[in-house]
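Student: Compact mmCIF, C-alpha atoms, file start-v1.txt:
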```txt
# COMPACT_ATOMS: atom_id res chain seq x y z
CA MET P 1 0.00 0.00 0.00
CA ARG P 2 2.78 2.37 0.85
CA SER P 3 4.62 1.84 -2.47
CA THR P 4 1.44 2.70 -4.39
CA SER P 5 1.11 6.03 -2.54
CA MET P 6 4.77 6.75 -3.09
CA GLY P 7 4.42 5.89 -6.81
CA ARG P 8 1.49 8.29 -7.14
CA LEU P 9 3.45 11.01 -5.37
CA VAL P 10 6.41 10.53 -7.74
CA ALA P 11 4.07 10.55 -10.74
CA LEU P 12 2.43 13.78 -9.56
CA ALA P 13 5.81 15.40 -8.94
CA SER P 14 7.02 14.37 -12.40
CA MET P 15 3.87 15.75 -14.01
CA ALA P 16 4.29 19.06 -12.15
CA VAL P 17 7.90 19.37 -13.37
CA LEU P 18 6.87 18.64 -16.97
CA LEU P 19 4.03 21.18 -16.84
CA ALA P 20 6.30 23.84 -15.35
CA ALA P 21 8.88 23.23 -18.09
CA GLY P 22 6.17 23.51 -20.76
CA VAL P 23 4.90 26.80 -19.31
CA SER P 24 8.45 28.21 -19.19
CA ALA P 25 9.12 27.22 -22.81
CA GLY P 26 5.78 28.68 -23.93
CA THR P 27 6.51 31.95 -22.11
CA ALA P 28 9.97 32.18 -23.68
CA GLN P 29 8.51 31.62 -27.16
CA ALA P 30 5.82 34.25 -26.57
CA ARG P 31 8.43 36.78 -25.41
CA SER P 32 10.58 36.27 -28.51
CA ALA P 33 7.60 37.17 -30.75
CA VAL P 34 7.24 40.60 -29.07
CA PRO P 35 9.63 43.27 -30.43
CA ALA P 36 12.47 44.11 -28.06
CA ARG P 37 12.11 47.39 -26.21
CA TYR P 38 15.04 49.51 -25.19
CA PRO P 39 14.59 51.71 -22.11
CA GLY P 40 13.87 55.34 -22.93
CA GLY P 41 15.69 58.40 -21.62
CA LEU P 42 17.65 61.26 -23.10
CA VAL P 43 18.25 60.35 -26.77
CA THR P 44 21.36 61.91 -28.35
CA TYR P 45 21.06 61.81 -32.14
CA ALA P 46 21.53 63.36 -35.60
CA ILE P 47 19.52 62.90 -38.81
CA GLU P 48 20.69 62.86 -42.44
CA PHE P 49 18.36 63.29 -45.42
CA SER P 50 19.44 61.68 -48.68
CA ASN P 51 17.86 62.36 -52.07
CA PRO P 52 20.10 61.13 -54.90
CA GLN P 53 17.59 62.41 -57.46
CA GLU P 54 17.81 66.05 -56.30
CA LYS P 55 18.69 68.18 -59.34
CA ASP P 56 17.99 71.79 -58.38
CA ASP P 57 20.52 74.61 -58.10
CA ASN P 58 22.24 73.25 -54.96
CA ASP P 59 21.46 69.50 -55.18
CA LEU P 60 20.38 69.53 -51.50
CA PRO P 61 17.06 68.18 -50.18
CA GLU P 62 14.17 70.27 -48.88
CA PRO P 63 12.66 67.67 -46.50
CA TYR P 64 9.32 67.79 -44.71
CA GLY P 65 7.52 65.28 -42.53
CA ARG P 66 8.29 63.57 -39.26
CA VAL P 67 11.03 61.41 -37.73
CA PHE P 68 10.31 59.75 -34.36
CA VAL P 69 11.01 56.89 -31.97
CA THR P 70 8.13 54.77 -30.72
CA ASP P 71 7.39 51.99 -28.26
CA GLY P 72 5.61 50.14 -31.07
CA ASP P 73 2.21 50.78 -29.53
CA LEU P 74 0.80 54.20 -28.73
CA ARG P 75 3.69 56.30 -27.44
CA ALA P 76 6.09 58.22 -29.67
CA THR P 77 8.66 60.99 -29.28
CA THR P 78 9.27 63.27 -32.27
CA LEU P 79 12.95 63.79 -33.11
CA TRP P 80 12.34 66.11 -36.10
CA GLU P 81 9.25 67.54 -37.75
CA HIS P 82 8.66 70.13 -40.46
CA PRO P 83 5.60 71.04 -42.53
CA ASP P 84 5.57 71.14 -46.33
CA LEU P 85 5.92 74.84 -47.19
CA ASP P 86 6.14 74.24 -50.94
CA ILE P 87 8.71 76.61 -52.46
CA ASN P 88 9.57 77.90 -48.96
CA THR P 89 10.56 74.52 -47.48
CA PRO P 90 14.14 75.06 -46.24
CA THR P 91 17.15 73.12 -47.48
CA VAL P 92 18.17 70.70 -44.72
CA PRO P 93 20.63 67.93 -45.61
CA ARG P 94 21.29 67.22 -41.91
CA TYR P 95 19.66 67.95 -38.55
CA PRO P 96 21.23 69.55 -36.67
CA ALA P 97 23.57 71.17 -39.20
CA SER P 98 26.58 69.86 -37.23
CA GLY P 99 27.11 67.79 -34.11
CA PHE P 100 24.09 66.26 -32.41
CA THR P 101 21.00 67.20 -30.44
CA HIS P 102 18.92 65.67 -27.63
CA ARG P 103 15.30 64.75 -27.03
CA TYR P 104 13.82 62.97 -24.00
CA ALA P 105 11.75 59.83 -24.66
CA ASP P 106 9.65 59.07 -21.57
CA HIS P 107 8.82 55.58 -22.85
CA ALA P 108 10.55 52.42 -24.02
CA ILE P 109 11.83 52.45 -27.61
CA SER P 110 11.30 49.60 -30.07
CA GLU P 111 11.38 51.39 -33.46
CA VAL P 112 12.87 54.38 -35.29
CA CYS P 113 10.35 55.73 -37.81
CA ALA P 114 10.51 58.30 -40.62
CA TYR P 115 7.80 59.56 -42.95
CA VAL P 116 9.60 62.24 -44.94
CA GLY P 117 8.86 63.85 -48.29
CA GLU P 118 11.08 66.21 -50.29
CA ASP P 119 9.73 69.37 -51.87
CA ASP P 120 10.06 69.72 -55.63
CA THR P 121 7.58 72.56 -56.15
CA GLY P 122 7.87 73.97 -59.64
CA ILE P 123 10.04 71.09 -60.88
CA ASP P 124 7.96 67.90 -60.63
CA ALA P 125 6.08 65.81 -58.05
CA ASP P 126 7.52 65.72 -54.54
CA ASP P 127 9.87 62.84 -53.74
CA VAL P 128 9.38 60.37 -50.88
CA LEU P 129 12.62 60.01 -48.93
CA ALA P 130 11.46 57.67 -46.16
CA GLU P 131 8.37 55.61 -45.41
CA GLY P 132 8.35 53.27 -42.45
CA CYS P 133 10.13 52.05 -39.34
CA GLU P 134 13.25 50.09 -38.43
CA PRO P 135 13.60 47.93 -35.28
CA PHE P 136 15.60 49.67 -32.54
CA HIS P 137 18.46 47.78 -30.87
CA GLY P 138 20.32 50.57 -29.06
CA PRO P 139 22.83 53.20 -30.21
CA GLY P 140 23.77 53.01 -33.89
CA ALA P 141 22.68 54.14 -37.36
CA TYR P 142 19.14 53.37 -38.58
CA THR P 143 18.35 53.95 -42.26
CA VAL P 144 14.68 54.18 -43.20
CA PRO P 145 14.36 53.89 -46.99
CA GLY P 146 11.79 55.35 -49.34
CA PRO P 147 11.23 55.09 -53.08
CA ASP P 148 13.30 58.22 -53.81
CA GLY P 149 15.93 58.32 -51.05
CA ALA P 150 16.47 57.57 -47.38
CA VAL P 151 16.64 59.09 -43.93
CA THR P 152 19.38 57.95 -41.56
CA VAL P 153 18.97 58.50 -37.83
CA THR P 154 22.19 58.03 -35.88
CA VAL P 155 21.58 57.46 -32.17
CA TYR P 156 24.77 58.16 -30.25
CA HIS P 157 23.55 57.57 -26.70
CA ILE P 158 20.48 56.93 -24.56
CA GLY P 159 20.42 57.58 -20.87
```
Since I need it in another form, could you write the structure as structure tokens?
Tutor:
Amino acid sequence: MRSTSMGRLVALASMAVLLAAGVSAGTAQARSAVPARYPGGLVTYAIEFSNPQEKDDNDLPEPYGRVFVTDGDLRATTLWEHPDLDINTPTVPRYPASGFTHRYADHAISEVCAYVGEDDTGIDADDVLAEGCEPFHGPGAYTVPGPDGAVTVTVYHIG
């Protein structure tokens, strides 16, 4: 009688260990499907606008739109934004013009996004320099491409 009780106890313990292992493996697989999030803080960065098709008098882009970091859900921090002012959109090949700037992101960061056009008023239709997001993995260069160019956000430091 005693060996039967002990056998049941061992079987229950084995089943508990197997279930716990299955739950841990399932949790690990679920976590890997969620995009990684980097802690927010003071973001030190610079942005470069590239338009190889630019053929006006100075061959420099006149960008407009928005560049931002996001947590992948609802929260975003704008790094650069400018409206389309048609012929009055300023020439900006880099922001800031030299060095770097800072912006505080009070949320986790999982993506760098850019939706940037380039003004060609009076020449032809506006170009699209960047359209979309790139996964964020910490400091480094993130290039968001578009059909007519690209925007590169270089993150130097977060903290």
Student: What does the distance between atom CA of P:His107 and atom CA of P:Tyr64 come to in Å, to one decimal place?
Tutor: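 The value is 25.0 Å.
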Student: For the atom pair atom CA of P:Thr78 and atom CA of P:Gly99, what is the interatomic distance in Å to one decimal place?
Tutor: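 It comes out at 18.5 Å.
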Student: Which neighbours of P:Asn88 fall inside 10 Å, counting all atoms listed in the file, when residues of the same chain fewer than 6 positions from it are skipped, and could you give them as a list in words?
Tutor: Glu62, Asp119 and Thr121 of chain P
Student: Take the residues that were just selected and, keeping C-alpha atoms, output them as an mmCIF file, keeping the file's coordinate frame.
Tutor:
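Below you can see selection_16.cif, which holds the result:
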```cif
data_model
loop_
_atom_site.group_PDB
_atom_site.id
_atom_site.type_symbol
_atom_site.label_atom_id
_atom_site.label_comp_id
_atom_site.auth_asym_id
_atom_site.auth_seq_id
_atom_site.Cartn_x
_atom_site.Cartn_y
_atom_site.Cartn_z
ATOM 1 C CA GLU P 62 14.170 70.270 -48.880
ATOM 2 C CA ASP P 119 9.730 69.370 -51.870
ATOM 3 C CA THR P 121 7.580 72.560 -56.150
#
```
Student: Of the residues P:Ser50, P:Ser110, P:Thr101, P:Thr143, which is the one nearest to P:His157, using all atoms listed in the file?
Tutor: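 Of P:Ser50, P:Ser110, P:Thr101, P:Thr143, the one nearest P:His157 is P:Thr101, counting all atoms listed in the file.
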Student: Taking into account all atoms listed in the file, which residue in the set P:Pro61, P:Asn51, P:Ile123, P:Ala114 is nearest to P:Asp148?
Tutor: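 Counting all atoms listed in the file, the residue closest to P:Asp148 is P:Asn51.
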Student: Name the closest residue to P:Phe49 among the candidates P:Gly65, P:Gly138, P:Gly72, P:Pro83; distances are taken between atoms, counting all atoms listed in the file.
Tutor: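 For P:Phe49, the nearest of the given residues is P:Gly65.
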Student: Using all atoms listed in the file and a cutoff of 12 Å, can you tell me which residues are near (13.2, 65.1, -23.6) in the file's coordinates, and write them out as an MDAnalysis selection string?
Tutor: chainID P and resid 40:44 69 76:79 101:107 158:159
Student: What does the structure give for the distance between atom CA of P:Gly140 and atom CA of P:Tyr156, in Å to one decimal?
Tutor: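 Distance between the two atoms: 6.4 Å.
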Student: May I ask which of the residues P:Leu85, P:Ile47, P:Val128, P:Leu74 is the closest one to P:Ala108, counting only C-alpha atoms?
Tutor: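 Checking each candidate against P:Ala108, we get P:Leu74 as the closest.
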Student: Here is a test: counting all atoms listed in the file, which residue of P:Glu81, P:Val151, P:Glu134, P:Gln53 is nearest to P:Pro93?
Tutor: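 Checking each candidate against P:Pro93, we get P:Val151 as the closest.
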Student: Using all atoms listed in the file, can you tell me which of P:Asp120, P:Asp126, P:Asp59, P:Glu131 comes closest to P:Ile87?
Tutor: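 For P:Ile87, the nearest of the candidates is P:Asp120.
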Student: List every protein, DNA or RNA residue that has an atom no more than 8 Å from (7.0, 59.3, -41.1) in the file's coordinate frame, counting all atoms listed in the file, and report them as a short mmCIF file (atom, residue, chain, number, x, y, z; two decimals) with C-alpha atoms, keeping the file's coordinate frame.
Tutor:
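Result saved to out_16.cif:
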```cif
data_model
loop_
_atom_site.label_atom_id
_atom_site.label_comp_id
_atom_site.auth_asym_id
_atom_site.auth_seq_id
_atom_site.Cartn_x
_atom_site.Cartn_y
_atom_site.Cartn_z
CA GLY P 65 7.52 65.28 -42.53
CA ARG P 66 8.29 63.57 -39.26
CA VAL P 67 11.03 61.41 -37.73
CA PHE P 68 10.31 59.75 -34.36
CA CYS P 113 10.35 55.73 -37.81
CA ALA P 114 10.51 58.30 -40.62
CA TYR P 115 7.80 59.56 -42.95
CA VAL P 116 9.60 62.24 -44.94
CA ALA P 130 11.46 57.67 -46.16
CA GLU P 131 8.37 55.61 -45.41
CA GLY P 132 8.35 53.27 -42.45
#
```
